[in-house]
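The structure appears right after this line, and notes come after that.
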Amino acid sequence: MILFPAIDLKDGQCVRLKLGDMEQATVFSDSPPAQARSFEDQGFEYLHVVDLNGAFAGESVNGAAVESIVHAVKVPVQLGGGIRTLAHVESWLGKGLARVILGTVAVRDPALVREAARKFPGRVAVGIDARGGKVAVEGWAETSELRAAELAQRFEGAGVSAIIYTDIDRDGILAGINWEATLALARAVSIPVIASGGLASMDDIRMMTRPEMQVLEGAISGRALYDGRIDSREAIALLKGIPA
């Protein structure tokens, strides 16, 4: 079970949004590489990075910040936001990313996702962001009629390495992860699922150690890590089954 610390980039800074609203951004660091190194020093083994501006623009906007993160740490880094073409995928993987996350394009052009997953096995994930159970795209600005499980099932057998499932209605407000919806999605597909959106406290970390949660690959934490609601070292030890 992996706990992924989130680095969300807006205008070159590390921020957290509330309910996916770009106008409700709290800046936590103006040095993305320093933040990445801090997470690595705390013992995290995988970083989750999102180019928020890129998600709206449909292309990389915080590319320099992302590259500075990749160069600053030895742990693998996955990136989502604004990756919409096979050229984008190839370019980012060539710059040292371990994995790219395809969101909007998974709805708009699923064939491209399948092609990317075939060309880069193990290095392409799908981001499914849902509002009220329905998939949102274009940086969460638009909600489709597609349900999360329906989208996920389109990629069965395609070689997609993981699905990152975010409940937008809980993102950034410390309401706790929507475990019911996340587990339902994980049971609906054979692709590993990573929970995202709302991880709030050590109670959520303890929840992740329960037997029924082992169907998940892990979870992403943002605000709760930044404001100290989650003790990183204690959380990592719990998830690894290391006695306190």
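Residue numbering restarts at 1 in every chain; chains get A, B, ... in the order shown in the structure tokens, and ligands count up from 1 in that same order.
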Please identify every residue of region 64-141 of chain A that has at least one atom no farther than 12 Å from an atom of region 36-59 of chain A, counting only C-alpha atoms, and for each give the shortest atom pair and the distance in Å to one decimal, arranged by chain then increasing number, as CSV.
```
residue,atom,partner,partner_atom,distance
A:Ala64,CA,A:Asp51,CA,10.6
A:Ala65,CA,A:Asp51,CA,9.1
A:Val66,CA,A:Val49,CA,7.6
A:Glu67,CA,A:Val49,CA,10.8
A:Ser68,CA,A:Ala36,CA,9.3
A:Ile69,CA,A:Ala36,CA,6.0
A:Val70,CA,A:Ala36,CA,8.6
A:His71,CA,A:Ala36,CA,9.9
A:Ala72,CA,A:Arg37,CA,6.4
A:Val73,CA,A:Arg37,CA,5.9
A:Lys74,CA,A:Glu40,CA,8.1
A:Val75,CA,A:Glu45,CA,5.6
A:Pro76,CA,A:Tyr46,CA,5.1
A:Val77,CA,A:Leu47,CA,4.7
A:Gln78,CA,A:His48,CA,5.1
A:Leu79,CA,A:Val49,CA,4.8
A:Gly80,CA,A:Val50,CA,4.8
A:Gly81,CA,A:Ala55,CA,4.1
A:Gly82,CA,A:Gly54,CA,4.2
A:Ile83,CA,A:Glu59,CA,6.0
A:Arg84,CA,A:Gly58,CA,6.4
A:Thr85,CA,A:Glu59,CA,8.9
A:Leu86,CA,A:Glu59,CA,12.0
A:Ala87,CA,A:Glu59,CA,10.9
A:His88,CA,A:Glu59,CA,8.0
A:Val89,CA,A:Glu59,CA,11.0
A:Ser91,CA,A:Glu59,CA,11.9
A:Trp92,CA,A:Glu59,CA,11.6
A:Leu97,CA,A:Leu47,CA,10.2
A:Ala98,CA,A:Tyr46,CA,9.3
A:Arg99,CA,A:His48,CA,9.5
A:Val100,CA,A:Val49,CA,9.6
A:Ile101,CA,A:Val50,CA,9.0
A:Leu102,CA,A:Ala55,CA,10.1
A:Gly103,CA,A:Ala55,CA,8.7
A:Thr104,CA,A:Ala55,CA,8.2
A:Val105,CA,A:Gly58,CA,9.5
A:Ala125,CA,A:His48,CA,11.7
A:Gly127,CA,A:Val50,CA,10.8
A:Asp129,CA,A:Ala55,CA,11.9
A:Ala136,CA,A:Ala55,CA,11.5
A:Val137,CA,A:Ala55,CA,8.6
A:Glu138,CA,A:Phe56,CA,5.5
A:Gly139,CA,A:Ala55,CA,4.6
A:Trp140,CA,A:Phe56,CA,8.3
A:Ala141,CA,A:Phe56,CA,7.9
```
Written file, previous selection with C-alpha atoms, as an mmCIF file, in the first residue's frame:
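Below you can see out-v1.cif, which holds the result:
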```cif
data_model
loop_
_atom_site.group_PDB
_atom_site.id
_atom_site.type_symbol
_atom_site.label_atom_id
_atom_site.label_comp_id
_atom_site.auth_asym_id
_atom_site.auth_seq_id
_atom_site.Cartn_x
_atom_site.Cartn_y
_atom_site.Cartn_z
ATOM 1 C CA ALA A 64 9.886 23.778 -15.684
ATOM 2 C CA ALA A 65 8.626 23.125 -12.157
ATOM 3 C CA VAL A 66 7.895 19.487 -12.978
ATOM 4 C CA GLU A 67 11.367 18.981 -14.444
ATOM 5 C CA SER A 68 12.938 20.581 -11.357
ATOM 6 C CA ILE A 69 11.079 18.052 -9.187
ATOM 7 C CA VAL A 70 12.207 15.085 -11.297
ATOM 8 C CA HIS A 71 15.829 16.260 -11.086
ATOM 9 C CA ALA A 72 15.608 16.945 -7.344
ATOM 10 C CA VAL A 73 14.648 13.457 -6.154
ATOM 11 C CA LYS A 74 15.581 9.830 -6.685
ATOM 12 C CA VAL A 75 12.103 8.411 -6.020
ATOM 13 C CA PRO A 76 9.706 7.865 -8.943
ATOM 14 C CA VAL A 77 7.357 10.682 -9.942
ATOM 15 C CA GLN A 78 3.990 10.432 -11.678
ATOM 16 C CA LEU A 79 2.428 13.434 -13.443
ATOM 17 C CA GLY A 80 -1.076 14.390 -14.506
ATOM 18 C CA GLY A 81 -2.552 17.542 -16.018
ATOM 19 C CA GLY A 82 -2.494 18.693 -19.617
ATOM 20 C CA ILE A 83 -1.126 15.485 -21.127
ATOM 21 C CA ARG A 84 -3.360 15.091 -24.165
ATOM 22 C CA THR A 85 -1.257 13.641 -26.995
ATOM 23 C CA LEU A 86 1.075 10.733 -27.620
ATOM 24 C CA ALA A 87 3.848 13.296 -28.153
ATOM 25 C CA HIS A 88 3.152 14.719 -24.671
ATOM 26 C CA VAL A 89 3.385 11.226 -23.190
ATOM 27 C CA SER A 91 8.190 13.739 -24.115
ATOM 28 C CA TRP A 92 7.444 13.480 -20.409
ATOM 29 C CA LEU A 97 8.916 10.588 -15.191
ATOM 30 C CA ALA A 98 8.042 7.107 -13.990
ATOM 31 C CA ARG A 99 4.417 7.376 -15.064
ATOM 32 C CA VAL A 100 2.025 9.777 -16.768
ATOM 33 C CA ILE A 101 -1.640 10.112 -15.869
ATOM 34 C CA LEU A 102 -4.158 10.612 -18.672
ATOM 35 C CA GLY A 103 -7.476 12.138 -17.637
ATOM 36 C CA THR A 104 -9.454 14.226 -20.110
ATOM 37 C CA VAL A 105 -8.023 12.342 -23.088
ATOM 38 C CA ALA A 125 -2.167 5.530 -15.705
ATOM 39 C CA GLY A 127 -7.046 9.606 -13.923
ATOM 40 C CA ASP A 129 -12.142 12.430 -11.506
ATOM 41 C CA ALA A 136 -15.379 15.387 -14.953
ATOM 42 C CA VAL A 137 -12.900 16.612 -17.586
ATOM 43 C CA GLU A 138 -10.984 19.741 -18.645
ATOM 44 C CA GLY A 139 -9.550 20.396 -15.191
ATOM 45 C CA TRP A 140 -12.891 19.464 -13.610
ATOM 46 C CA ALA A 141 -14.579 22.351 -15.436
#
```
I'd like a table as JSON lines: residues in region 3-70 of chain A with an atom no more than 7 Å from region 217-225 of chain A, each row giving the shortest atom pair and its distance in Å to one decimal, only C-alpha atoms counted, sorted by chain and rising residue number.
```
{"residue": "A:Leu3", "atom": "CA", "partner": "A:Ala219", "partner_atom": "CA", "distance": 5.2}
{"residue": "A:Phe4", "atom": "CA", "partner": "A:Ile220", "partner_atom": "CA", "distance": 4.6}
{"residue": "A:Pro5", "atom": "CA", "partner": "A:Ser221", "partner_atom": "CA", "distance": 5.1}
{"residue": "A:Ala6", "atom": "CA", "partner": "A:Gly222", "partner_atom": "CA", "distance": 4.9}
{"residue": "A:Arg16", "atom": "CA", "partner": "A:Arg223", "partner_atom": "CA", "distance": 6.4}
```
key: Nearest candidate to Val160 (chain A) (options A:Arg147, A:Lys119, A:Arg114, A:Arg206; using only C-alpha atoms)   = A:Arg114
task = Find the residues near Glu234 (chain A): any atom within 12 Å, counting only C-alpha atoms, skip ones fewer than 4 places away on the same chain, and give them as a ChimeraX atom specification.
result = /A:3,42-44,201-203,205-206,225,228-230,238-244
request  = Mind giving me the straight-line distance from CA of Phe28 (chain A) to CA of Asp11 (chain A) in Å, one decimal?
outcome  = 12.6 Å
message = I need the residue nearest Val124 (chain A) from this list: A:Leu151, A:Val61, A:Ile191, A:Ala235. Use only C-alpha atoms for the distance.
response =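 Under the stated criterion, the closest residue is A:Ile191.
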query = Could you pull out all residues of region 17-231 of chain A with a DSSP call of alpha helix (DSSP H) and give them as a ChimeraX atom specification?
reply = /A:32-41,52-57,63-72,86-94,104-108,110-119,148-153,179-188,202-208,223-226
ask   = Which residue gives the smallest distance to Asp204 (chain A) among A:Ile236, A:Ile177, A:Ala25, A:Leu146, with only C-alpha atoms counted?
value = A:Ile177
inquiry  = I'd like the interatomic distance between CA of Gly94 (chain A) and CA of Asp109 (chain A), to a tenth of an Å.
reply    =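 Computing the Euclidean distance for CA of Gly94 (chain A) and CA of Asp109 (chain A) yields 22.2 Å.
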task = Just give me the gap between CA of Ala130 (chain A) and CA of Pro192 (chain A) in Å, one decimal is fine.
result =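 Result for CA of Ala130 (chain A) versus CA of Pro192 (chain A): 17.3 Å, one decimal.
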request  = Go through A:Gly198, A:Gly96, A:Gly12, A:Gly63 one by one, measure the shortest atom-to-atom distance of each to Arg123 (chain A) using only C-alpha atoms, and give the residue with the smallest value.
outcome  =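 Among the listed residues, the smallest separation from Arg123 (chain A) belongs to A:Gly96.
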